[in-house]
$ cat data-v3.cif   # mmCIF, C-alpha atoms
data_upload
#
loop_
_atom_site.label_atom_id
_atom_site.label_comp_id
_atom_site.auth_asym_id
_atom_site.auth_seq_id
_atom_site.Cartn_x
_atom_site.Cartn_y
_atom_site.Cartn_z
CA MET G 1 -2.70 -17.71 10.17
CA THR G 2 -4.53 -16.50 7.06
CA SER G 3 -2.19 -16.08 4.09
CA VAL G 4 -2.10 -12.64 2.50
CA VAL G 5 -1.91 -12.95 -1.29
CA ILE G 6 -1.96 -9.76 -3.35
CA PRO G 7 -1.74 -9.85 -7.15
CA LYS G 8 0.80 -7.64 -8.95
CA ALA G 9 -1.73 -5.50 -10.85
CA ARG G 10 -5.14 -4.72 -9.43
CA GLU G 11 -7.88 -2.31 -8.53
CA LEU G 12 -7.78 -1.06 -4.94
CA THR G 13 -11.18 -0.83 -3.25
CA LEU G 14 -12.09 1.06 -0.10
CA PRO G 15 -11.38 -1.95 2.18
CA ASP G 16 -7.96 -2.26 0.50
CA LEU G 17 -7.27 1.40 1.19
CA LYS G 18 -8.10 0.97 4.88
CA ASP G 19 -5.52 -1.80 5.07
CA LEU G 20 -3.08 0.36 3.11
CA ALA G 21 -3.54 3.19 5.61
CA ARG G 22 -2.72 0.85 8.50
CA GLY G 23 0.41 -0.39 6.72
CA CYS G 24 1.53 3.12 5.76
CA ALA G 25 1.21 4.17 9.40
CA PHE G 26 3.57 1.36 10.41
CA LEU G 27 6.10 2.17 7.69
CA GLY G 28 6.13 5.84 8.71
CA SER G 29 8.41 5.03 11.68
CA GLY G 30 6.24 7.38 13.72
CA GLY G 31 6.08 10.11 11.06
CA GLY G 32 4.72 10.91 7.64
CA GLY G 33 1.55 12.28 9.23
CA ASP G 34 -1.37 10.44 10.78
CA PRO G 35 -3.29 8.66 7.96
CA HIS G 36 -6.61 9.28 9.76
CA THR G 37 -7.46 12.54 7.97
CA ALA G 38 -6.37 11.22 4.57
CA MET G 39 -8.52 8.13 5.12
CA MET G 40 -11.51 10.34 5.93
CA GLU G 41 -10.94 12.14 2.60
CA LEU G 42 -10.75 8.83 0.77
CA GLU G 43 -13.98 7.58 2.36
CA ALA G 44 -15.73 10.77 1.26
CA LEU G 45 -14.26 10.63 -2.24
CA ILE G 46 -14.46 6.98 -3.24
CA GLY G 47 -17.80 5.29 -3.82
CA PRO G 48 -18.69 1.63 -3.19
CA ASP G 49 -17.99 0.82 -6.86
CA SER G 50 -14.96 3.11 -7.26
CA THR G 51 -11.40 1.84 -7.34
CA VAL G 52 -7.84 3.10 -7.61
CA GLN G 53 -5.76 1.52 -10.36
CA LEU G 54 -2.44 0.20 -9.00
CA ILE G 55 0.18 -0.62 -11.64
CA ASP G 56 3.69 -2.05 -11.50
CA ALA G 57 6.56 0.25 -12.42
CA GLY G 58 7.31 -2.12 -15.31
CA ALA G 59 4.00 -1.10 -16.92
CA LEU G 60 5.30 2.45 -17.45
CA GLY G 61 6.63 3.65 -20.75
CA ASP G 62 10.17 5.04 -20.69
CA ARG G 63 8.92 8.56 -21.49
CA ASP G 64 5.83 8.58 -19.29
CA LEU G 65 5.64 11.49 -16.84
CA VAL G 66 5.34 10.24 -13.27
CA VAL G 67 4.76 12.71 -10.45
CA PRO G 68 5.72 12.04 -6.80
CA CYS G 69 3.75 13.95 -4.21
CA GLY G 70 3.28 14.35 -0.47
CA TRP G 71 2.98 16.83 2.37
CA ILE G 72 5.69 18.94 3.96
CA GLY G 73 5.56 20.37 7.49
CA ALA G 74 5.26 19.35 11.11
CA PRO G 75 2.87 16.42 11.78
CA THR G 76 1.67 18.17 14.94
CA VAL G 77 0.34 20.99 12.74
CA SER G 78 -1.30 18.65 10.23
CA ALA G 79 -3.23 17.02 13.08
CA GLU G 80 -5.04 20.33 13.64
CA LYS G 81 -4.91 22.11 10.25
CA LEU G 82 -7.20 20.24 7.89
CA PRO G 83 -6.57 20.35 4.12
CA SER G 84 -9.06 21.79 1.66
CA GLY G 85 -8.70 18.75 -0.61
CA GLU G 86 -7.73 20.91 -3.59
CA GLU G 87 -4.01 21.29 -2.86
CA ALA G 88 -2.67 18.23 -4.70
CA LEU G 89 -4.61 18.69 -7.93
CA LEU G 90 -3.73 22.40 -8.05
CA GLY G 91 -0.05 21.53 -7.71
CA LEU G 92 -0.23 18.80 -10.33
CA ARG G 93 -1.95 21.07 -12.86
CA ARG G 94 0.62 23.81 -12.33
CA LEU G 95 3.47 21.31 -12.79
CA GLU G 96 1.87 20.03 -16.01
CA THR G 97 1.70 23.61 -17.28
CA LEU G 98 5.36 24.17 -16.43
CA LEU G 99 6.43 20.99 -18.21
CA GLY G 100 4.05 21.44 -21.14
CA ARG G 101 2.53 17.96 -20.90
CA ASP G 102 0.06 15.87 -18.90
CA ALA G 103 1.09 13.46 -16.17
CA ASP G 104 0.70 9.74 -16.84
CA ALA G 105 0.85 8.40 -13.26
CA VAL G 106 1.56 9.38 -9.67
CA ILE G 107 3.54 7.85 -6.81
CA PRO G 108 3.99 8.64 -3.11
CA VAL G 109 7.21 10.51 -2.49
CA GLU G 110 7.26 8.44 0.72
CA ILE G 111 5.17 5.41 1.63
CA GLY G 112 5.08 6.22 5.36
CA GLY G 113 2.14 7.75 7.20
CA SER G 114 -0.46 9.92 5.49
CA ASN G 115 2.01 10.63 2.68
CA GLY G 116 1.52 7.04 1.58
CA LEU G 117 -2.12 7.98 0.90
CA ALA G 118 -1.47 11.43 -0.60
CA ALA G 119 -0.77 9.95 -4.03
CA VAL G 120 -3.87 7.75 -3.75
CA LEU G 121 -6.00 10.86 -3.26
CA LEU G 122 -4.30 12.60 -6.18
CA ALA G 123 -4.75 9.52 -8.37
CA LEU G 124 -8.48 9.56 -7.65
CA ARG G 125 -8.89 13.29 -8.26
CA ALA G 126 -6.78 13.34 -11.44
CA GLY G 127 -8.01 10.03 -12.85
CA LEU G 128 -4.46 8.63 -12.99
CA PRO G 129 -2.98 5.26 -12.00
CA LEU G 130 -0.91 4.82 -8.85
CA VAL G 131 2.49 3.16 -9.34
CA ASP G 132 3.54 0.45 -6.86
CA CYS G 133 6.67 2.20 -5.56
CA ASP G 134 7.86 5.24 -3.63
CA GLY G 135 10.98 7.28 -3.01
CA MET G 136 11.85 6.49 0.61
CA GLY G 137 10.57 3.07 1.65
CA ARG G 138 9.42 4.70 4.91
CA ALA G 139 9.12 8.37 5.95
CA PHE G 140 11.88 10.95 6.44
CA PRO G 141 11.54 14.55 7.64
CA GLU G 142 13.36 16.32 4.78
CA SER G 143 12.57 16.15 1.08
CA GLN G 144 16.16 15.63 -0.08
CA MET G 145 16.19 12.38 1.97
CA VAL G 146 14.77 10.52 -0.99
CA ILE G 147 16.26 7.93 -3.32
CA PHE G 148 15.74 10.19 -6.33
CA ASN G 149 18.10 12.80 -4.87
CA ILE G 150 20.61 10.12 -3.87
CA ARG G 151 20.60 8.84 -7.47
CA GLY G 152 21.30 12.34 -8.81
CA LEU G 153 17.85 13.42 -10.05
CA ARG G 154 16.49 16.95 -9.71
CA ALA G 155 13.63 17.93 -7.39
CA CYS G 156 12.69 20.96 -9.47
CA PRO G 157 10.50 22.25 -10.82
CA ALA G 158 8.51 21.67 -7.65
CA VAL G 159 5.13 23.15 -6.74
CA LEU G 160 3.99 23.95 -3.20
CA THR G 161 0.28 24.57 -2.52
CA ASP G 162 -1.80 25.30 0.57
CA ASP G 163 -5.42 25.09 1.66
CA LYS G 164 -6.12 28.71 0.68
CA GLY G 165 -5.14 28.19 -2.98
CA ASN G 166 -1.70 29.75 -2.69
CA CYS G 167 0.81 28.23 -5.12
CA VAL G 168 4.60 28.55 -4.98
CA VAL G 169 6.76 27.35 -7.89
CA ILE G 170 10.25 26.39 -6.74
CA GLU G 171 13.27 26.45 -9.06
CA ALA G 172 16.22 25.86 -6.75
CA VAL G 173 19.86 25.37 -7.74
CA ASP G 174 20.02 22.06 -5.87
CA ASN G 175 17.79 19.66 -3.97
CA VAL G 176 18.82 20.82 -0.50
CA GLY G 177 17.87 24.34 -1.57
CA GLU G 178 14.48 23.04 -2.71
CA GLU G 179 13.89 21.55 0.74
CA ARG G 180 14.87 24.78 2.51
CA ILE G 181 12.69 26.96 0.29
CA ALA G 182 9.72 24.60 0.55
CA ARG G 183 10.15 24.28 4.33
CA SER G 184 10.29 28.05 4.85
CA ALA G 185 7.30 28.62 2.60
CA SER G 186 5.29 25.92 4.37
CA VAL G 187 5.98 27.59 7.73
CA ALA G 188 4.86 30.95 6.32
CA LEU G 189 1.70 29.37 4.92
CA GLY G 190 0.57 27.83 8.18
CA GLY G 191 2.96 24.98 8.93
CA THR G 192 1.95 22.33 6.41
CA CYS G 193 1.57 22.31 2.60
CA HIS G 194 1.31 19.89 -0.28
CA LEU G 195 4.37 19.41 -2.50
CA VAL G 196 4.77 17.86 -5.95
CA GLU G 197 8.46 17.37 -6.72
CA TYR G 198 11.02 15.21 -8.52
CA PRO G 199 9.05 14.84 -11.79
CA LEU G 200 10.26 11.55 -13.28
CA SER G 201 10.22 9.64 -16.52
CA GLY G 202 9.00 6.07 -16.50
CA ARG G 203 12.57 4.94 -17.09
CA GLN G 204 13.79 6.91 -14.07
CA VAL G 205 11.12 5.35 -11.90
CA ASN G 206 12.25 1.87 -12.90
CA GLU G 207 15.91 2.74 -12.42
CA THR G 208 15.63 4.46 -9.03
CA ALA G 209 12.35 4.00 -7.13
CA LEU G 210 11.83 1.53 -4.30
CA CYS G 211 9.44 -0.87 -5.99
CA GLY G 212 6.68 -2.89 -4.36
CA THR G 213 6.28 -0.66 -1.32
CA VAL G 214 2.57 0.00 -1.86
CA THR G 215 2.06 -3.77 -2.01
CA ASP G 216 4.20 -4.17 1.13
CA ALA G 217 2.20 -1.55 3.04
CA LEU G 218 -1.08 -3.14 1.96
CA ALA G 219 0.11 -6.60 3.04
CA ILE G 220 1.29 -5.30 6.42
CA GLY G 221 -1.98 -3.52 7.16
CA ARG G 222 -4.07 -6.46 5.98
CA ALA G 223 -2.05 -8.96 8.03
CA ILE G 224 -2.58 -6.97 11.25
CA ARG G 225 -6.33 -6.79 10.60
CA LEU G 226 -6.67 -10.46 9.74
CA GLY G 227 -4.64 -11.43 12.78
CA ARG G 228 -7.06 -9.56 15.03
CA GLU G 229 -10.18 -10.79 13.23
CA ALA G 230 -9.00 -14.38 13.69
CA HIS G 231 -8.61 -13.67 17.43
CA GLY G 232 -4.94 -14.53 17.02
CA ASP G 233 -1.73 -12.64 17.62
CA PRO G 234 -1.58 -9.53 15.40
CA PHE G 235 2.16 -9.27 16.05
CA ALA G 236 2.81 -12.74 14.64
CA ALA G 237 0.81 -11.69 11.58
CA LEU G 238 2.76 -8.44 11.33
CA PHE G 239 6.15 -10.15 11.50
CA ALA G 240 5.10 -12.74 8.93
CA ALA G 241 4.11 -9.96 6.52
CA LEU G 242 7.39 -8.11 7.11
CA LYS G 243 9.41 -11.27 6.52
CA ALA G 244 7.56 -11.88 3.24
CA SER G 245 7.85 -8.24 2.08
CA GLN G 246 9.95 -7.02 -0.81
CA GLN G 247 11.75 -4.32 1.20
CA PHE G 248 11.51 -5.10 4.96
CA SER G 249 12.73 -8.55 5.95
CA ARG G 250 14.13 -8.36 9.50
CA ALA G 251 11.90 -7.28 12.36
CA GLY G 252 11.21 -7.85 16.03
CA VAL G 253 10.04 -6.36 19.32
CA LEU G 254 12.58 -3.93 20.76
CA PHE G 255 10.71 -3.09 23.96
CA ASP G 256 7.45 -3.59 25.82
CA GLY G 257 6.18 -1.15 28.43
CA LYS G 258 4.34 2.07 29.28
CA ILE G 259 5.06 5.64 28.21
CA VAL G 260 6.16 7.55 31.30
CA ASP G 261 7.37 10.77 29.70
CA ILE G 262 6.90 12.58 26.39
CA ARG G 263 8.67 15.78 25.33
CA ARG G 264 7.65 17.43 22.08
CA GLU G 265 7.96 20.82 20.38
CA THR G 266 7.29 22.22 16.93
CA LYS G 267 10.30 24.10 15.60
CA ASP G 268 11.32 25.29 12.12
CA GLY G 269 8.64 23.17 10.47
CA PHE G 270 9.49 19.96 12.33
CA SER G 271 8.11 18.06 15.31
CA LEU G 272 11.03 17.36 17.67
CA GLY G 273 11.05 15.35 20.87
CA CYS G 274 11.65 12.22 22.88
CA ALA G 275 9.43 9.48 24.30
CA VAL G 276 10.44 7.51 27.40
CA ILE G 277 8.98 4.02 27.82
CA GLU G 278 9.36 2.07 31.06
CA ALA G 279 9.27 -1.71 31.16
CA PHE G 280 6.56 -3.28 33.27
CA GLY G 281 8.15 -3.73 36.67
CA GLY G 282 10.35 -0.67 36.12
CA ALA G 283 13.64 -2.50 35.50
CA GLU G 284 14.54 -0.73 32.24
CA ARG G 285 13.65 2.32 30.20
CA LEU G 286 13.82 2.85 26.47
CA GLU G 287 14.13 6.36 24.99
CA VAL G 288 13.07 7.15 21.44
CA GLU G 289 14.22 10.44 19.90
CA PHE G 290 12.27 11.78 16.94
CA LYS G 291 12.36 14.50 14.30
CA ASN G 292 8.92 13.97 12.76
CA GLU G 293 10.05 10.30 12.50
CA ASN G 294 11.63 8.11 15.18
CA LEU G 295 15.41 8.27 14.74
CA VAL G 296 17.10 6.30 17.52
CA ALA G 297 16.05 3.94 20.31
CA ARG G 298 18.26 3.47 23.38
CA VAL G 299 17.98 1.24 26.44
CA GLY G 300 20.22 2.46 29.25
CA GLY G 301 22.24 4.45 26.74
CA GLU G 302 22.77 1.41 24.51
CA ILE G 303 21.50 1.85 20.96
CA ARG G 304 18.90 -0.75 19.92
CA ALA G 305 17.85 0.79 16.59
CA LEU G 306 19.05 3.61 14.41
CA VAL G 307 17.85 5.52 11.35
CA PRO G 308 17.31 4.54 8.51
CA ASP G 309 15.96 1.33 10.11
CA LEU G 310 12.34 1.65 11.18
CA ILE G 311 11.34 2.29 14.79
CA THR G 312 7.57 2.14 15.23
CA ILE G 313 5.61 2.48 18.47
CA VAL G 314 2.38 0.47 18.45
CA ASP G 315 -0.46 -0.33 20.83
CA ARG G 316 0.61 -3.49 22.65
CA GLU G 317 -2.81 -5.15 22.24
CA THR G 318 -3.92 -4.22 18.72
CA ALA G 319 -0.56 -3.59 16.95
CA GLU G 320 -1.99 -0.30 15.63
CA THR G 321 0.70 2.33 15.07
CA ILE G 322 0.83 5.38 17.33
CA VAL G 323 2.35 8.26 15.35
CA THR G 324 4.57 10.74 17.20
CA GLU G 325 1.91 13.44 17.49
CA ARG G 326 -0.45 10.97 19.24
CA LEU G 327 1.99 9.65 21.84
CA ARG G 328 0.63 10.22 25.36
CA TYR G 329 1.64 9.49 28.93
CA GLY G 330 0.36 6.14 30.15
CA GLN G 331 -0.06 4.43 26.79
CA ARG G 332 0.87 0.74 26.95
CA VAL G 333 2.99 0.04 23.90
CA LYS G 334 5.43 -2.17 22.11
CA VAL G 335 8.31 -0.73 20.14
CA ILE G 336 8.86 -2.59 16.88
CA GLY G 337 12.06 -2.42 14.86
CA ALA G 338 12.38 -3.37 11.19
CA SER G 339 15.22 -3.27 8.71
CA ALA G 340 15.23 -0.50 6.13
CA PRO G 341 15.27 -1.24 2.40
CA ALA G 342 18.78 -2.23 1.30
CA ALA G 343 19.05 0.81 -1.00
CA LEU G 344 18.85 3.11 2.04
CA CYS G 345 21.79 1.40 3.75
CA GLU G 346 24.32 2.00 0.98
CA PRO G 347 27.12 4.50 1.77
CA ALA G 348 25.75 7.14 -0.64
CA SER G 349 22.32 6.87 1.00
CA LEU G 350 23.61 6.96 4.57
CA ALA G 351 25.45 10.21 3.79
CA VAL G 352 22.05 11.80 3.08
CA LEU G 353 19.69 10.06 5.51
CA GLY G 354 21.81 8.14 7.99
CA PRO G 355 22.51 8.97 11.66
CA GLN G 356 25.04 11.73 11.01
CA ALA G 357 22.57 13.56 8.74
CA PHE G 358 20.52 14.08 11.93
CA GLY G 359 23.45 15.14 14.10
CA LEU G 360 23.77 11.77 15.80
CA LYS G 361 27.41 11.09 16.64
CA THR G 362 27.43 7.39 15.80
CA ALA G 363 27.93 5.34 12.68
CA TYR G 364 25.04 3.30 11.33
CA ARG G 365 24.75 -0.30 12.46
CA GLY G 366 21.93 -2.49 11.23
CA ILE G 367 19.09 -3.43 13.53
CA ALA G 368 19.78 -7.17 13.21
CA GLU G 369 23.40 -6.66 14.34
CA LEU G 370 22.42 -4.37 17.22
CA ASN G 371 19.92 -6.89 18.59
CA GLY G 372 21.66 -10.14 17.75
CA TRP G 373 18.90 -11.29 15.40
CA LYS G 374 19.84 -14.33 13.35
#

$ encode --input "data-v3.cif" --output "structure tokens"
Amino acid sequence: MTSVVIPKARELTLPDLKDLARGCAFLGSGGGGDPHTAMMELEALIGPDSTVQLIDAGALGDRDLVVPCGWIGAPTVSAEKLPSGEEALLGLRRLETLLGRDADAVIPVEIGGSNGLAAVLLALRAGLPLVDCDGMGRAFPESQMVIFNIRGLRACPAVLTDDKGNCVVIEAVDNVGEERIARSASVALGGTCHLVEYPLSGRQVNETALCGTVTDALAIGRAIRLGREAHGDPFAALFAALKASQQFSRAGVLFDGKIVDIRRETKDGFSLGCAVIEAFGGAERLEVEFKNENLVARVGGEIRALVPDLITIVDRETAETIVTERLRYGQRVKVIGASAPAALCEPASLAVLGPQAFGLKTAYRGIAELNGWK
């Protein structure tokens, strides 16, 4: 298999960004938004000689202003409601005015799905570097489910913007309040909006962020592509990239079959539902519950994977991720599980983004333990 070697500091070209989009889709655990629209924006914005500067967190100065960004709302809405392309820059400029200084760099608030590309688009439009890190190591449905909140940092001031040019400045008393205000406003403004939040110093990025996740996503996406181009097994390539990653080391196939039922609704700014996958031959069924992202996978009532570990449904031939809003009856899929970054599995993190934060009445157990992986 072709080795994937990515240097620590580099310029990302359009082919790199296509691989990044594929990797971000996988790390979204079904959510974070379909990267397809964001990739279309990038293709329209970046020229053949244009690049995005990717820097390590260690290159930041302690007092640099680093701005996380992403989208808030139901992925099912974002699949139909296209952005104007001006939302992110409008929000960044308003935040700079509030803070009285210019931003020095941007990062994805979450690496999963289209939100992994949101900061790339903002970096291009603002002429800023992208830092090789994020705040979640995957995607989560609520904005307080981020390592910056867990480490005691403030989300506000935050700025919410929509495709019409509306701009909402949020100054909440706590980070859960920021999520609730932003969620309600996004529903009122059409179901999906852009959000800049958790303004950070360079020191705070180095002390709290999940580093190397842009590199990990790029390596994952590139490995899948190279595996297919070599007429080999894209899943072997995927698992090799996960094993070599900085944040995701344990992974495997949880299930192989066909989608026989899909239930989905958009409620209170979230996409909620369940996918049922039947094994070929009909001996077993796996159910995946989701709230924007896939939360729990069960076979015959037995849990096989549990948030914050990643549960990603992919095409069983190409290993391309199928996000929750694109799940359909009859699709032939594999369900891939991967371990979450270690920082998300600490007790303080699990209290914010573990099973009980989603109303699941079970304590977290790691995916390797649940499946007997050595």

$ resolve_selection --input "data-v3.cif" --expression "the PyMOL selection byres ((chain G and resi 184) around 12)" --output "PyMOL selection string"
chain G and resi 72-74+160+168+170+177-183+185-193+267-270

$ resolve_selection --input "data-v3.cif" --expression "the PyMOL selection byres ((chain G and resi 253-258) around 10)" --output "ChimeraX atom specification"
/G:235,239,251-252,259-261,276-282,284-286,297-299,304-305,311-316,328-338,367,371

$ resolve_selection --input "data-v3.cif" --expression "the PyMOL selection byres ((chain G and resi 118) around 10)" --output "mmCIF file with C-alpha atoms, in the frame of the given file"
data_model
loop_
_atom_site.group_PDB
_atom_site.id
_atom_site.type_symbol
_atom_site.label_atom_id
_atom_site.label_comp_id
_atom_site.auth_asym_id
_atom_site.auth_seq_id
_atom_site.Cartn_x
_atom_site.Cartn_y
_atom_site.Cartn_z
ATOM 1 C CA PRO G 35 -3.290 8.660 7.960
ATOM 2 C CA ALA G 38 -6.370 11.220 4.570
ATOM 3 C CA MET G 39 -8.520 8.130 5.120
ATOM 4 C CA LEU G 42 -10.750 8.830 0.770
ATOM 5 C CA PRO G 68 5.720 12.040 -6.800
ATOM 6 C CA CYS G 69 3.750 13.950 -4.210
ATOM 7 C CA GLY G 70 3.280 14.350 -0.470
ATOM 8 C CA TRP G 71 2.980 16.830 2.370
ATOM 9 C CA ALA G 88 -2.670 18.230 -4.700
ATOM 10 C CA VAL G 106 1.560 9.380 -9.670
ATOM 11 C CA ILE G 107 3.540 7.850 -6.810
ATOM 12 C CA PRO G 108 3.990 8.640 -3.110
ATOM 13 C CA VAL G 109 7.210 10.510 -2.490
ATOM 14 C CA GLU G 110 7.260 8.440 0.720
ATOM 15 C CA ILE G 111 5.170 5.410 1.630
ATOM 16 C CA GLY G 113 2.140 7.750 7.200
ATOM 17 C CA SER G 114 -0.460 9.920 5.490
ATOM 18 C CA ASN G 115 2.010 10.630 2.680
ATOM 19 C CA GLY G 116 1.520 7.040 1.580
ATOM 20 C CA LEU G 117 -2.120 7.980 0.900
ATOM 21 C CA ALA G 119 -0.770 9.950 -4.030
ATOM 22 C CA VAL G 120 -3.870 7.750 -3.750
ATOM 23 C CA LEU G 121 -6.000 10.860 -3.260
ATOM 24 C CA LEU G 122 -4.300 12.600 -6.180
ATOM 25 C CA ALA G 123 -4.750 9.520 -8.370
ATOM 26 C CA HIS G 194 1.310 19.890 -0.280
#

$ residues_around --input "data-v3.cif" --residues "Phe248 in chain G" --least-positions-apart "5" --cutoff "10 Å" --atoms "all atoms listed in the file" --output "list in words"
Leu27, Gly137, Thr213, Asp216, Phe239, Ala241, Leu242, Lys243, Asp309, Leu310, Ala338, Ser339, Ala340, Pro341 and Ala342 of chain G

$ residues_around --input "data-v3.cif" --residues "Pro15 in chain G" --least-positions-apart "4" --cutoff "12 Å" --atoms "only C-alpha atoms" --output "PyMOL selection string"
chain G and resi 11+19-22+39+42-43+46-52+218+221-222+225

$ atom_distance --input "data-v3.cif" --atom1 "CA of Leu344 in chain G" --atom2 "CA of Glu293 in chain G"
15.4 Å
